[in-house]
Amino acid sequence: MRTIELVQEPDSIGKSFYLKINDVPVFIRGANYVPMDNFPSRVTDSMYTALIKDVDAANINMLRVWGGGIYENDVFYDLCDEKGIMVWQDFMFANAMYPEDDKFFVSVRDEIIQNIVRLRRHPSIVLWCGNNEIEEGWYNWGWVKDYGYSKEDSSRIFRNYRKIFKELIPYALLRQDTLRPYISTSPMHGWGRDESLKEGDLHYWGVWWGKEPFDMYNKKVGRFVSEYGFQGFPDYTTIEKITPPEELKLNSEVLKAHQKHPVGFETIDEYMRRDYIVPTDLKSYGYVSQLLQADGLKTAIEAHRLAKPKCMGTMYWQLNDSWPAVSWSTIDYNGKKKASYYTVSRGYRDYFLKPEMDGDKLKVYATFDEPDNQEAKLWVVLADFDGVVLWQEEKSYTFSASHTEVVLDTNLATVLKGKDKTKLFVYAQIKNILGVRVANMYYFVPPKEMKLEKTPIDISTQKTSNGYIINLYTTKLAKGVFLSVPVKGDFSDNYFDLMPFEEKKIQFNTTQEVDNFQDSIKVISLVDTYMK
């Protein structure tokens with residue numbers, strides 16, 4: 001990277017907000033990063049290596065080092081440099097106003113300069129940000145009223161705020177690092193204000209905090225969405241490590257202690273009841289919560305990517321955990337990948353497409369993030385859960401690098417007439433000249449209304465130099481297929497929908513030799529939770 005520019009120019013909507021790297025606009029597919037442990041000294045170099053490897057594998061091209069955490073160790077930035085992961089670097093100020101005495105001001109000045117000088121050598125850093133959500137809190141969260149500030153208090157406190165974030169930090173950067181742009185706070189406007197959709201970056205929390213439906217992501221698309229998210233339970237093995245056997249149940253005191261949102265469990269449960277049949281046992285409930293979290297992130301990512309070039313960035317909250325918790329993370333404290341991690345990795349690939357029904361009309365949208373247009377094959381099929389194909393189309397298409405396109409628009413009224421939509425799906429796939437395949441699915445009803453049937457999933461395996469290939473096959477749709485094994489390793493994909501009569505290959509990478517590996521694989525799908 002030789003040139004970095006944050007473009008904020010007036011346009012027909014309001015004002016743009018996107019990064020140009022080497023004069024090329026780049027769509028940001030990112031995540032918010034928090035410290036890997038509440039005790040940072042426990043984090044080893046190998047833990048950093050493993051996490052950044054997972055970031056790279058998820059097709060993430062930017063991490064935001066959140067201002068409520070720490071200035072990270074050099075190894076973190078070295079790994080981002082090596083993997084080409086861009087870094088949005090917050091200065092470590094978040095969600096509060098700060099003292100105004102001279103001693104504190106001098107301390108802040110020294111901290112800022114020392115960290116700029118230490119970190120500026122890293123090409124991965126592309127943006128400096130003064131703080132997280134302080135202006136948001138000041139203008140929109142009622143701090144002045146809550147703390148009883150007088151007019152004189154408010155004026156003095158905000159004057160000090162400006163002194164740090166509008167004067168001290170920009171001046172330090174002017175002297176120490178002029179290569180990268182700076183913004184004083186994130187977000188520019190609160191998510192409840194009209195301006196938040198027209199300019200600046202956006203923290204959109206109408207979903208989760210506001211309990212708005214996932215579909216609201218399609219209506220509330222900003223210019224650059226730097227925070228949004230939804231909670232999911234950690235992997236069940238992580239829960240087992242922190243929970244005595246007698247507490248392995250829903251609403252246990254241990255689980256409550258590992259949920260720091262005041263109404264977190266209630267919020268998960270409310271959203272789950274909207275779309276899923278709610279299990280009553282902890283293990284199944286945690287699994288379904290992960291599918292629910294993945295649904296939320298999928299809806300948001302699709303909305304943001306298909307709004308290109310109006311929207312030029314999507315950065316979900318949050319990548320990782322600093323302790324074992326029910327949280328917004330996609331990778332839990334023990335490094336276990338949630339369903340949302342695999343959903344993000346699919347949604348963040350260079351090619352992206354989305355099939356969608358509008359009445360009886362089927363539209364397939366596509367976007368592409370490489371700099372040059374590319375030829376690919378598009379295949380779209382309408383089928384039922386038993387694998388009966390009702391309609392299909394295949395065509396060649398040149399995918400544009402600059403904007404979102406409708407690559408298929410057709411009326412299926414005749415085909416759909418009299419059909420039971422609770423047993424139908426649309427599958428869309430593109431395949432480029434290198435054989436790279438990207439797919440997405442559309443369902444006509446939420447999961448709780450789908451007429452899913454219990455179906456056996458055939459499994460076979462082959463040993464490879466770095467683990468095993470797992471082959472899966474079924475004759476009926478299996479939704480939310482989750483694989484687990486009792487050894488340490490990584491699945492190339494997990495928590496996916498398995499189409500009928502189509503073999504799926506999964507790579508499981510591990511350094512361990514496993515006797516009877518095939519027999520050790522456990523596989524469940526959503527319908528299995530109905531039996532609980």
# chains A, B, ... in the order shown; residues from 1 in each chain; ligands from 1
>>> residues_around(residues="range 210-227 of chain A", least_positions_apart="3", cutoff="7 Å", atoms="only C-alpha atoms", output="ChimeraX atom specification")
/A:16-17,196-207,296,299-300,303-304,310-317
>>> select_by_dssp(residues="range 250-474 of chain A", states="helix (DSSP H, G or I)", output="MDAnalysis selection string")
chainID A and resid 253:257 264:275 282:306 339:347 413:416 421:423 447:449
>>> residues_around(residues="range 464-476 of chain A", least_positions_apart="6", cutoff="8 Å", atoms="only C-alpha atoms", output="list of chain:residue names")
A:Phe385, A:Asp386, A:Gly387, A:Glu453, A:Thr455, A:Pro456, A:Ile457, A:Asp458, A:Leu498, A:Met499, A:Pro500, A:Phe501, A:Glu502, A:Glu503, A:Lys504, A:Lys505, A:Ile506, A:Gln507, A:Phe508, A:Asn509, A:Thr510, A:Thr511, A:Gln512
>>> select_by_dssp(residues="range 417-477 of chain A", states="strand (DSSP E)", output="PyMOL selection string")
chain A and resi 424-432+437-443+458-464+467-473
>>> residues_around(residues="Leu390 in chain A", least_positions_apart="5", cutoff="7 Å", atoms="only C-alpha atoms", output="count of residues only")
3
>>> residues_around(residues="Ile524 in chain A", least_positions_apart="4", cutoff="7 Å", atoms="only C-alpha atoms", output="list in words")
Val481, Phe482, Leu483 and Asp528 of chain A
>>> closest_atom_pairs(of="range 375-460 of chain A", to="range 274-286 of chain A", cutoff="7 Å", atoms="only C-alpha atoms", output="CSV")
residue,atom,partner,partner_atom,distance
A:Pro446,CA,A:Asp275,CA,5.4
A:Pro447,CA,A:Tyr276,CA,5.6
A:Lys448,CA,A:Tyr276,CA,4.4
>>> residues_around(residues="range 71-85 of chain A", least_positions_apart="2", cutoff="12 Å", atoms="only C-alpha atoms", output="MDAnalysis selection string")
chainID A and resid 1 28:31 33:37 40:41 43:69 87:93 111:112 114:116 118:126
>>> residues_around(residues="Glu266 in chain A", least_positions_apart="6", cutoff="12 Å", atoms="only C-alpha atoms", output="ChimeraX atom specification")
/A:208-209,211,231,250-251,256,259,272-273
>>> decode(residues="range 314-344 of chain A", atoms="N, CA and C atoms", output="PDB file, in the first residue's frame")
ATOM      1  N   THR A 314     -18.577  -2.886   5.598  1.00  0.00           N
ATOM      2  CA  THR A 314     -19.382  -3.599   6.584  1.00  0.00           C
ATOM      3  C   THR A 314     -18.431  -4.223   7.597  1.00  0.00           C
ATOM      4  N   MET A 315     -18.579  -3.865   8.871  1.00  0.00           N
ATOM      5  CA  MET A 315     -17.675  -4.357   9.927  1.00  0.00           C
ATOM      6  C   MET A 315     -18.517  -4.795  11.124  1.00  0.00           C
ATOM      7  N   TYR A 316     -18.689  -6.093  11.265  1.00  0.00           N
ATOM      8  CA  TYR A 316     -19.578  -6.585  12.305  1.00  0.00           C
ATOM      9  C   TYR A 316     -18.919  -6.540  13.682  1.00  0.00           C
ATOM     10  N   TRP A 317     -19.762  -6.501  14.699  1.00  0.00           N
ATOM     11  CA  TRP A 317     -19.346  -6.582  16.095  1.00  0.00           C
ATOM     12  C   TRP A 317     -19.746  -7.957  16.608  1.00  0.00           C
ATOM     13  N   GLN A 318     -18.856  -8.863  16.991  1.00  0.00           N
ATOM     14  CA  GLN A 318     -17.438  -8.648  17.119  1.00  0.00           C
ATOM     15  C   GLN A 318     -16.749  -9.921  16.691  1.00  0.00           C
ATOM     16  N   LEU A 319     -15.457  -9.851  16.409  1.00  0.00           N
ATOM     17  CA  LEU A 319     -14.707 -11.021  15.944  1.00  0.00           C
ATOM     18  C   LEU A 319     -14.531 -12.063  17.032  1.00  0.00           C
ATOM     19  N   ASN A 320     -14.047 -11.656  18.205  1.00  0.00           N
ATOM     20  CA  ASN A 320     -13.516 -12.588  19.200  1.00  0.00           C
ATOM     21  C   ASN A 320     -13.987 -12.226  20.598  1.00  0.00           C
ATOM     22  N   ASP A 321     -13.608 -13.055  21.570  1.00  0.00           N
ATOM     23  CA  ASP A 321     -13.987 -12.845  22.965  1.00  0.00           C
ATOM     24  C   ASP A 321     -12.753 -12.666  23.837  1.00  0.00           C
ATOM     25  N   SER A 322     -12.918 -11.926  24.931  1.00  0.00           N
ATOM     26  CA  SER A 322     -11.838 -11.781  25.906  1.00  0.00           C
ATOM     27  C   SER A 322     -12.043 -12.690  27.118  1.00  0.00           C
ATOM     28  N   TRP A 323     -13.147 -13.422  27.141  1.00  0.00           N
ATOM     29  CA  TRP A 323     -13.394 -14.423  28.176  1.00  0.00           C
ATOM     30  C   TRP A 323     -14.558 -15.291  27.683  1.00  0.00           C
ATOM     31  N   PRO A 324     -14.789 -16.469  28.294  1.00  0.00           N
ATOM     32  CA  PRO A 324     -15.866 -17.344  27.820  1.00  0.00           C
ATOM     33  C   PRO A 324     -17.221 -16.749  28.156  1.00  0.00           C
ATOM     34  N   ALA A 325     -18.001 -16.413  27.140  1.00  0.00           N
ATOM     35  CA  ALA A 325     -19.237 -15.677  27.390  1.00  0.00           C
ATOM     36  C   ALA A 325     -20.255 -15.930  26.294  1.00  0.00           C
ATOM     37  N   VAL A 326     -21.514 -15.643  26.614  1.00  0.00           N
ATOM     38  CA  VAL A 326     -22.555 -15.510  25.601  1.00  0.00           C
ATOM     39  C   VAL A 326     -22.406 -14.094  25.056  1.00  0.00           C
ATOM     40  N   SER A 327     -21.994 -13.967  23.810  1.00  0.00           N
ATOM     41  CA  SER A 327     -21.627 -12.643  23.312  1.00  0.00           C
ATOM     42  C   SER A 327     -21.871 -12.531  21.821  1.00  0.00           C
ATOM     43  N   TRP A 328     -21.453 -11.384  21.278  1.00  0.00           N
ATOM     44  CA  TRP A 328     -21.614 -11.079  19.854  1.00  0.00           C
ATOM     45  C   TRP A 328     -20.489 -11.673  19.000  1.00  0.00           C
ATOM     46  N   SER A 329     -19.544 -12.387  19.595  1.00  0.00           N
ATOM     47  CA  SER A 329     -18.374 -12.869  18.862  1.00  0.00           C
ATOM     48  C   SER A 329     -18.743 -13.935  17.830  1.00  0.00           C
ATOM     49  N   THR A 330     -17.882 -14.078  16.811  1.00  0.00           N
ATOM     50  CA  THR A 330     -18.017 -15.180  15.852  1.00  0.00           C
ATOM     51  C   THR A 330     -17.013 -16.293  16.139  1.00  0.00           C
ATOM     52  N   ILE A 331     -16.002 -15.997  16.963  1.00  0.00           N
ATOM     53  CA  ILE A 331     -15.068 -17.010  17.452  1.00  0.00           C
ATOM     54  C   ILE A 331     -15.065 -16.904  18.966  1.00  0.00           C
ATOM     55  N   ASP A 332     -15.329 -18.016  19.666  1.00  0.00           N
ATOM     56  CA  ASP A 332     -15.442 -17.901  21.116  1.00  0.00           C
ATOM     57  C   ASP A 332     -14.074 -17.884  21.792  1.00  0.00           C
ATOM     58  N   TYR A 333     -14.076 -17.727  23.094  1.00  0.00           N
ATOM     59  CA  TYR A 333     -12.840 -17.542  23.857  1.00  0.00           C
ATOM     60  C   TYR A 333     -11.842 -18.681  23.665  1.00  0.00           C
ATOM     61  N   ASN A 334     -12.341 -19.893  23.455  1.00  0.00           N
ATOM     62  CA  ASN A 334     -11.469 -21.054  23.268  1.00  0.00           C
ATOM     63  C   ASN A 334     -11.113 -21.303  21.810  1.00  0.00           C
ATOM     64  N   GLY A 335     -11.421 -20.324  20.947  1.00  0.00           N
ATOM     65  CA  GLY A 335     -11.061 -20.451  19.539  1.00  0.00           C
ATOM     66  C   GLY A 335     -12.040 -21.256  18.714  1.00  0.00           C
ATOM     67  N   LYS A 336     -13.167 -21.644  19.296  1.00  0.00           N
ATOM     68  CA  LYS A 336     -14.180 -22.401  18.565  1.00  0.00           C
ATOM     69  C   LYS A 336     -14.981 -21.458  17.670  1.00  0.00           C
ATOM     70  N   LYS A 337     -15.117 -21.838  16.420  1.00  0.00           N
ATOM     71  CA  LYS A 337     -15.830 -21.001  15.460  1.00  0.00           C
ATOM     72  C   LYS A 337     -17.326 -21.249  15.562  1.00  0.00           C
ATOM     73  N   LYS A 338     -18.076 -20.161  15.689  1.00  0.00           N
ATOM     74  CA  LYS A 338     -19.524 -20.262  15.724  1.00  0.00           C
ATOM     75  C   LYS A 338     -20.077 -20.368  14.296  1.00  0.00           C
ATOM     76  N   ALA A 339     -21.379 -20.637  14.208  1.00  0.00           N
ATOM     77  CA  ALA A 339     -22.030 -20.673  12.897  1.00  0.00           C
ATOM     78  C   ALA A 339     -21.826 -19.356  12.159  1.00  0.00           C
ATOM     79  N   SER A 340     -21.840 -18.251  12.894  1.00  0.00           N
ATOM     80  CA  SER A 340     -21.698 -16.928  12.277  1.00  0.00           C
ATOM     81  C   SER A 340     -20.343 -16.746  11.610  1.00  0.00           C
ATOM     82  N   TYR A 341     -19.296 -17.403  12.135  1.00  0.00           N
ATOM     83  CA  TYR A 341     -17.979 -17.293  11.495  1.00  0.00           C
ATOM     84  C   TYR A 341     -18.038 -17.834  10.072  1.00  0.00           C
ATOM     85  N   TYR A 342     -18.661 -18.984   9.898  1.00  0.00           N
ATOM     86  CA  TYR A 342     -18.728 -19.586   8.562  1.00  0.00           C
ATOM     87  C   TYR A 342     -19.660 -18.789   7.652  1.00  0.00           C
ATOM     88  N   THR A 343     -20.704 -18.217   8.227  1.00  0.00           N
ATOM     89  CA  THR A 343     -21.587 -17.355   7.441  1.00  0.00           C
ATOM     90  C   THR A 343     -20.835 -16.123   6.952  1.00  0.00           C
ATOM     91  N   VAL A 344     -20.034 -15.519   7.824  1.00  0.00           N
ATOM     92  CA  VAL A 344     -19.227 -14.362   7.426  1.00  0.00           C
ATOM     93  C   VAL A 344     -18.254 -14.741   6.322  1.00  0.00           C
TER      94      VAL A 344
END
